[in-house]
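Please read the structure below before turning to the comments.
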Amino acid sequence: MMGIHPIIKLNSRDVLKSSSYLAMVIMMLIIPLNSVIQILKTNTGPLDYLAVYILLILNISIFFFLNMLTISLIVISEKTTGRCEYYLANKLEIHKLVKIYGWSSYLLCIGPILIFDIMIFGYALFTNQKVLIELYLSVSFGCFAVSFILFSYFVTSTLTLLSMLSKSPERIRTYLSVSSVLFIFAATFPGTFIKKLGFTPDHNSIAWIIGSTLLVLAFVCALIRYVLKKKLKNEVVVLSFKQ
């Protein structure tokens with residue numbers, strides 16, 4: 001059985017030593033956890049769906065923020081410092097290097113999200129939050145989880161390819177940062193709009209809808225990834241270093 005590639009180990013070790021990554025992880029665990037707890041305290045009965053909606057959106061938000069940071073710390077950083085060029089000069093195949101970078105970033109994003117959901121589920125069990133317990137044990141949440149895993153993988157892979165092909169990796173960093181913030185604001189509108197309409201969907205409906213949306217977006221990212229992979233060549237990436 002093949003072990004973890006040495007470059008993945010090196011990237012993971014470097015990122016885990018980064019104060020910016022550690023600070024981001026702490027923020028992405030404490031603030032969302034507190035948000036869910038406060039929502040559960042203030043929204044009960046028919047408004048429990050808001051806690052479920054926000055919980056699922058928080059999973060996606062945490063991914064975007066961590067993905068923005070890990071892509072920056074791994075792909076963009078290694079491209080600007082010359083380590084990426086060093087790997088290519090030592091005959092490491094470009095497609096393999098991109099795959100390694102993608103997995104490095106992906107694993108460093110998924111780990112904290114898994115911890116976050118374990119913390120939420122533990123809190124739900126300890127305080128007997130039935131709406132969250134039912135959500136985590138439902139088939140609809142299983143659908144959401146699978147869709148989320150596929151979505152996050154293809155997004156990470158696509159952004160890794162874009163960063164490798166870009167002649168201005170710093171611009172990619174800016175786009176990722178702005179997009180992460182905009183998603184937070186955009187994601188609040190559906191929940192607020194539904195609340196004003198007086199419509200009260202159950203947690204299963206919310207999980208199915210968000211899960212299905214992520215699945216469609218994962219398919220779109222997979223298509224974009226397919227197109228970008230055709231453009232990925234050693235010469236193209238090496239020339240982007242020279243810009």
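Just remember, in the structure tokens the first chain shown is A, the second B, etc., residues are 1-based per chain, and ligands are 1-based in the order shown.
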
- Non-local contacts of segment 164-181 of chain A (10 Å; only C-alpha atoms; under 3 positions in same chain excluded) as JSON, numbers by chain: {"A": [60, 61, 62, 63, 64, 65, 66, 67, 68, 69, 71, 72, 73, 75, 76, 77, 78, 79, 80, 84, 94, 97, 98, 101, 158, 159, 160, 161, 184, 185, 186, 228, 229, 231, 232, 233, 234, 236, 237, 238, 239, 240, 241, 242, 243]}

- Item | Surrounding residues of segment 139-153 of chain A excluding itself and chain neighbours under 2 positions, 10 Å, only C-alpha atoms, as a PyMOL selection string | chain A and resi 56+59-60+63-64+67+102-103+105-107+109-110+134-137+155-158+203-222

Output file for the selection above: C-alpha atoms, as a CSV table (one decimal), in the first residue's frame:
```csv
chain,number,residue,atom,x,y,z
A,56,LEU,CA,-24.8,23.6,6.8
A,59,ASN,CA,-19.6,24.1,7.0
A,60,ILE,CA,-19.3,25.6,3.5
A,63,PHE,CA,-14.2,25.4,3.8
A,64,PHE,CA,-14.0,28.6,1.7
A,67,ASN,CA,-9.3,26.7,1.3
A,102,GLY,CA,-4.5,19.7,-4.3
A,103,TRP,CA,-4.5,16.9,-1.8
A,105,SER,CA,-4.8,21.8,0.6
A,106,TYR,CA,-7.9,19.6,0.7
A,107,LEU,CA,-6.8,17.5,3.7
A,109,CYS,CA,-9.4,22.0,4.9
A,110,ILE,CA,-11.4,18.9,5.7
A,134,GLU,CA,-32.0,14.1,13.9
A,135,LEU,CA,-30.1,16.1,11.2
A,136,TYR,CA,-26.8,14.3,11.8
A,137,LEU,CA,-28.5,10.9,11.8
A,155,VAL,CA,-13.2,23.2,-5.9
A,156,THR,CA,-9.8,22.7,-4.4
A,157,SER,CA,-8.5,20.9,-7.4
A,158,THR,CA,-9.8,23.6,-9.8
A,203,HIS,CA,-34.2,20.0,8.3
A,204,ASN,CA,-34.5,17.2,5.7
A,205,SER,CA,-35.6,19.6,3.0
A,206,ILE,CA,-32.9,22.0,3.7
A,207,ALA,CA,-30.2,19.3,3.7
A,208,TRP,CA,-31.5,17.9,0.4
A,209,ILE,CA,-31.7,21.3,-1.3
A,210,ILE,CA,-28.2,22.4,-0.2
A,211,GLY,CA,-26.7,19.0,-0.9
A,212,SER,CA,-28.2,18.9,-4.4
A,213,THR,CA,-26.9,22.4,-5.2
A,214,LEU,CA,-23.4,21.4,-4.1
A,215,LEU,CA,-23.6,18.3,-6.3
A,216,VAL,CA,-24.5,20.5,-9.3
A,217,LEU,CA,-21.6,22.9,-8.5
A,218,ALA,CA,-19.2,20.0,-8.1
A,219,PHE,CA,-20.1,18.8,-11.6
A,220,VAL,CA,-19.5,22.4,-12.9
A,221,CYS,CA,-16.1,22.5,-11.2
A,222,ALA,CA,-15.3,19.0,-12.6
```

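For the pair atom CA of Tyr49 of chain A and atom CA of Pro201 of chain A, the separation is 6.6 Å.
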
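Interatomic distance, atom CA of Ser35 of chain A to atom CA of Lys17 of chain A: 27.5 Å.
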
9 Å contact set for Asp117 of chain A, only C-alpha atoms, chain neighbours under 5 positions out, as a PDB file with all heavy atoms, in the first residue's frame:
```pdb
ATOM      1  N   LEU A  55     -26.028  25.991  10.154  1.00  0.00           N
ATOM      2  CA  LEU A  55     -25.006  24.968  10.396  1.00  0.00           C
ATOM      3  C   LEU A  55     -24.419  24.455   9.075  1.00  0.00           C
ATOM      4  O   LEU A  55     -23.191  24.350   8.923  1.00  0.00           O
ATOM      5  CB  LEU A  55     -25.598  23.809  11.185  1.00  0.00           C
ATOM      6  CG  LEU A  55     -24.690  22.571  11.347  1.00  0.00           C
ATOM      7  CD1 LEU A  55     -23.418  22.939  12.097  1.00  0.00           C
ATOM      8  CD2 LEU A  55     -25.432  21.450  12.049  1.00  0.00           C
ATOM      9  N   ASN A  59     -20.518  25.104   7.460  1.00  0.00           N
ATOM     10  CA  ASN A  59     -19.589  24.088   6.954  1.00  0.00           C
ATOM     11  C   ASN A  59     -18.945  24.565   5.656  1.00  0.00           C
ATOM     12  O   ASN A  59     -17.732  24.443   5.462  1.00  0.00           O
ATOM     13  CB  ASN A  59     -20.314  22.768   6.723  1.00  0.00           C
ATOM     14  CG  ASN A  59     -20.380  21.893   7.952  1.00  0.00           C
ATOM     15  OD1 ASN A  59     -19.496  21.094   8.223  1.00  0.00           O
ATOM     16  ND2 ASN A  59     -21.451  22.059   8.720  1.00  0.00           N
ATOM     17  N   PRO A 112     -10.231  20.326   9.940  1.00  0.00           N
ATOM     18  CA  PRO A 112     -10.926  21.224  10.871  1.00  0.00           C
ATOM     19  C   PRO A 112     -12.446  21.174  10.740  1.00  0.00           C
ATOM     20  O   PRO A 112     -13.163  21.323  11.735  1.00  0.00           O
ATOM     21  CB  PRO A 112     -10.382  22.605  10.493  1.00  0.00           C
ATOM     22  CG  PRO A 112      -9.037  22.324   9.913  1.00  0.00           C
ATOM     23  CD  PRO A 112      -9.207  21.038   9.156  1.00  0.00           C
ATOM     24  N   GLY A 122     -21.418  16.670  19.416  1.00  0.00           N
ATOM     25  CA  GLY A 122     -21.213  16.438  20.852  1.00  0.00           C
ATOM     26  C   GLY A 122     -22.048  17.386  21.688  1.00  0.00           C
ATOM     27  O   GLY A 122     -22.661  16.975  22.678  1.00  0.00           O
TER      28      GLY A 122
END
```
